[in-house]
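Participant: Sharing a structure, written as structure tokens. Questions coming.
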Amino acid sequence: GLTDHDLFEAPIADEFRANDLAAIARGIPLQVEEQAPGEDGMHTYVTVKFPLHDAGGHAYAICGISTDITARKRAEEEVRRLNDELELRVRQRTAELEASTRELDAFAYSVSHDLRAPLRSLEGFSQVLLEDYAGDLAEEAQSYLRRIQANVGRMAQMIDDLLHLSRATRSQLKRDRFDLTAMARDVVAELS
């Protein structure tokens, strides 16, 4: 003999009443999700409501069967919360990695610039010695200066290669053919 308004606060009772009237208006079962207070807070239910008809086919009552899905809803909410937290952590870590990458790029550029200065000096002075004092230098001394220049070139290439390698993780890899035999010959010649 009690109505929804006798059992629940007005907003909840109004929603239940609206769902009852919708089921009666449709004349067929209606499935809705409803919330009602429980001992441990609000509970969520999936409710199927359907009208009961008299012999004349007129609805005289409403019947409802509810299944408590609170645990599932709470688990879904926890999953959403954890996903949001994970997304935030991923964004933070990504920002940290991007900042770290920028710092490494700046460091690599600075180091390469700083390493090139003494190389330019070595290359320049050895060239001056070869050009201005070639007549005063023994052939062996000139050979040493040419070797210094060749090694300065190799060192400059190594610096360039290290810079390219540091940027390789952020660029598309490009396959290329090279002559391994020629490379081996160059190494043997250098070592001899």
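All residue names refer to the structure tokens as shown: chains lettered A, B, ... in order, residues numbered from 1 in each chain, ligands numbered from 1 in order.
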Please return as number ranges by chain: the residues of segment 13-138 of chain A that backbone DSSP assigns to strand (DSSP E or B).

Facilitator: A: 30-38, 41-53, 59-68

Participant: Near Val46 of chain A, within 10 Å and counting only C-alpha atoms, which residues show up once chain neighbours fewer than 3 positions away are dropped, as a compact mmCIF listing (two decimals) with all heavy atoms, in the first residue's frame?

Facilitator:
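Final output, result.txt:
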# COMPACT_ATOMS: atom_id res chain seq x y z
N GLN A 31 13.00 -1.88 -20.23
CA GLN A 31 14.18 -2.08 -19.39
C GLN A 31 14.82 -0.72 -19.13
O GLN A 31 15.08 0.05 -20.06
CB GLN A 31 15.19 -3.00 -20.09
CG GLN A 31 16.43 -3.23 -19.24
CD GLN A 31 17.36 -4.26 -19.87
OE1 GLN A 31 16.93 -5.32 -20.27
NE2 GLN A 31 18.64 -3.93 -19.92
N VAL A 32 15.08 -0.42 -17.86
CA VAL A 32 15.68 0.85 -17.47
C VAL A 32 16.76 0.60 -16.43
O VAL A 32 16.79 -0.45 -15.78
CB VAL A 32 14.62 1.83 -16.89
CG1 VAL A 32 13.66 2.28 -17.97
CG2 VAL A 32 13.90 1.23 -15.72
N GLU A 33 17.62 1.60 -16.29
CA GLU A 33 18.63 1.56 -15.23
C GLU A 33 18.20 2.58 -14.19
O GLU A 33 17.96 3.74 -14.51
CB GLU A 33 20.01 1.91 -15.81
CG GLU A 33 21.14 1.59 -14.89
CD GLU A 33 22.51 1.78 -15.56
OE1 GLU A 33 22.87 0.96 -16.42
OE2 GLU A 33 23.19 2.76 -15.20
N GLU A 34 18.07 2.13 -12.94
CA GLU A 34 17.60 3.00 -11.87
C GLU A 34 18.57 2.95 -10.70
O GLU A 34 19.28 1.97 -10.53
CB GLU A 34 16.21 2.56 -11.39
CG GLU A 34 15.15 2.64 -12.46
CD GLU A 34 13.80 2.11 -12.00
OE1 GLU A 34 13.75 1.10 -11.25
OE2 GLU A 34 12.78 2.72 -12.37
N GLN A 35 18.52 4.02 -9.90
CA GLN A 35 19.35 4.06 -8.69
C GLN A 35 18.46 4.26 -7.47
O GLN A 35 17.48 5.02 -7.53
CB GLN A 35 20.37 5.18 -8.77
CG GLN A 35 21.49 4.91 -9.76
CD GLN A 35 22.62 5.90 -9.61
OE1 GLN A 35 22.40 7.08 -9.39
NE2 GLN A 35 23.84 5.41 -9.71
N LYS A 49 10.31 -3.36 -16.32
CA LYS A 49 8.97 -3.02 -15.84
C LYS A 49 7.98 -3.37 -16.95
O LYS A 49 8.24 -3.14 -18.13
CB LYS A 49 8.88 -1.53 -15.52
CG LYS A 49 9.76 -1.14 -14.33
CD LYS A 49 9.57 0.30 -13.92
CE LYS A 49 10.37 0.56 -12.65
NZ LYS A 49 9.99 1.79 -12.00
N GLY A 64 7.69 -4.85 -11.60
CA GLY A 64 9.10 -4.60 -11.89
C GLY A 64 9.99 -5.68 -11.31
O GLY A 64 9.76 -6.14 -10.20
N ILE A 65 10.98 -6.09 -12.08
CA ILE A 65 11.96 -7.06 -11.62
C ILE A 65 13.32 -6.38 -11.75
O ILE A 65 13.70 -5.95 -12.84
CB ILE A 65 11.91 -8.35 -12.46
CG1 ILE A 65 10.51 -8.98 -12.38
CG2 ILE A 65 12.99 -9.32 -12.00
CD1 ILE A 65 10.29 -10.12 -13.35
N SER A 66 14.03 -6.29 -10.64
CA SER A 66 15.30 -5.55 -10.62
C SER A 66 16.47 -6.47 -10.31
O SER A 66 16.34 -7.39 -9.50
CB SER A 66 15.25 -4.44 -9.57
OG SER A 66 14.26 -3.50 -9.90
N THR A 67 17.58 -6.18 -10.95
CA THR A 67 18.83 -6.89 -10.68
C THR A 67 19.86 -5.85 -10.24
O THR A 67 20.11 -4.86 -10.96
CB THR A 67 19.34 -7.61 -11.96
OG1 THR A 67 18.31 -8.51 -12.41
CG2 THR A 67 20.61 -8.37 -11.68
N ASP A 68 20.46 -6.07 -9.08
CA ASP A 68 21.46 -5.14 -8.55
C ASP A 68 22.77 -5.30 -9.33
O ASP A 68 23.38 -6.36 -9.33
CB ASP A 68 21.68 -5.43 -7.06
CG ASP A 68 22.52 -4.36 -6.37
OD1 ASP A 68 23.24 -3.61 -7.07
OD2 ASP A 68 22.46 -4.29 -5.14
N ILE A 69 23.17 -4.23 -10.00
CA ILE A 69 24.43 -4.25 -10.78
C ILE A 69 25.45 -3.29 -10.19
O ILE A 69 26.38 -2.86 -10.87
CB ILE A 69 24.17 -3.93 -12.27
CG1 ILE A 69 23.55 -2.53 -12.44
CG2 ILE A 69 23.31 -5.00 -12.92
CD1 ILE A 69 23.54 -2.03 -13.86
N THR A 70 25.28 -2.97 -8.92
CA THR A 70 26.16 -2.00 -8.26
C THR A 70 27.62 -2.42 -8.32
O THR A 70 28.49 -1.61 -8.63
CB THR A 70 25.72 -1.79 -6.79
OG1 THR A 70 24.35 -1.41 -6.79
CG2 THR A 70 26.56 -0.74 -6.10

Participant: Near Ala61 of chain A, counting only C-alpha atoms, which residues have an atom at most 10 Å away, once you skip same-chain residues fewer than 2 positions from it, shown as a PyMOL selection string?

Facilitator: chain A and resi 20+24+50-54+58-59+63

Participant: Restricting the output to C-alpha atoms, write the selected residues as a PDB file, in the first residue's frame.

Facilitator:
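The resulting result_18.pdb:
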ATOM      1  CA  ASP A  20       6.323   3.136 -14.539  1.00  0.00           C
ATOM      2  CA  ILE A  24       2.286   1.490 -19.146  1.00  0.00           C
ATOM      3  CA  PHE A  50       5.793  -4.228 -17.491  1.00  0.00           C
ATOM      4  CA  PRO A  51       2.108  -3.446 -17.073  1.00  0.00           C
ATOM      5  CA  LEU A  52      -0.401  -5.938 -15.665  1.00  0.00           C
ATOM      6  CA  HIS A  53      -3.661  -5.899 -17.624  1.00  0.00           C
ATOM      7  CA  ASP A  54      -7.162  -6.744 -16.518  1.00  0.00           C
ATOM      8  CA  HIS A  58      -6.468  -2.087 -19.351  1.00  0.00           C
ATOM      9  CA  ALA A  59      -3.326  -1.664 -17.269  1.00  0.00           C
ATOM     10  CA  CYS A  63       5.348  -5.041 -12.146  1.00  0.00           C
TER      11      CYS A  63
END

Participant: Quick one: distance from atom CA of Arg17 of chain A to atom CA of Pro37 of chain A in Å, one decimal?

Facilitator: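 Atom-to-atom, atom CA of Arg17 of chain A and atom CA of Pro37 of chain A are spaced 16.2 Å apart.
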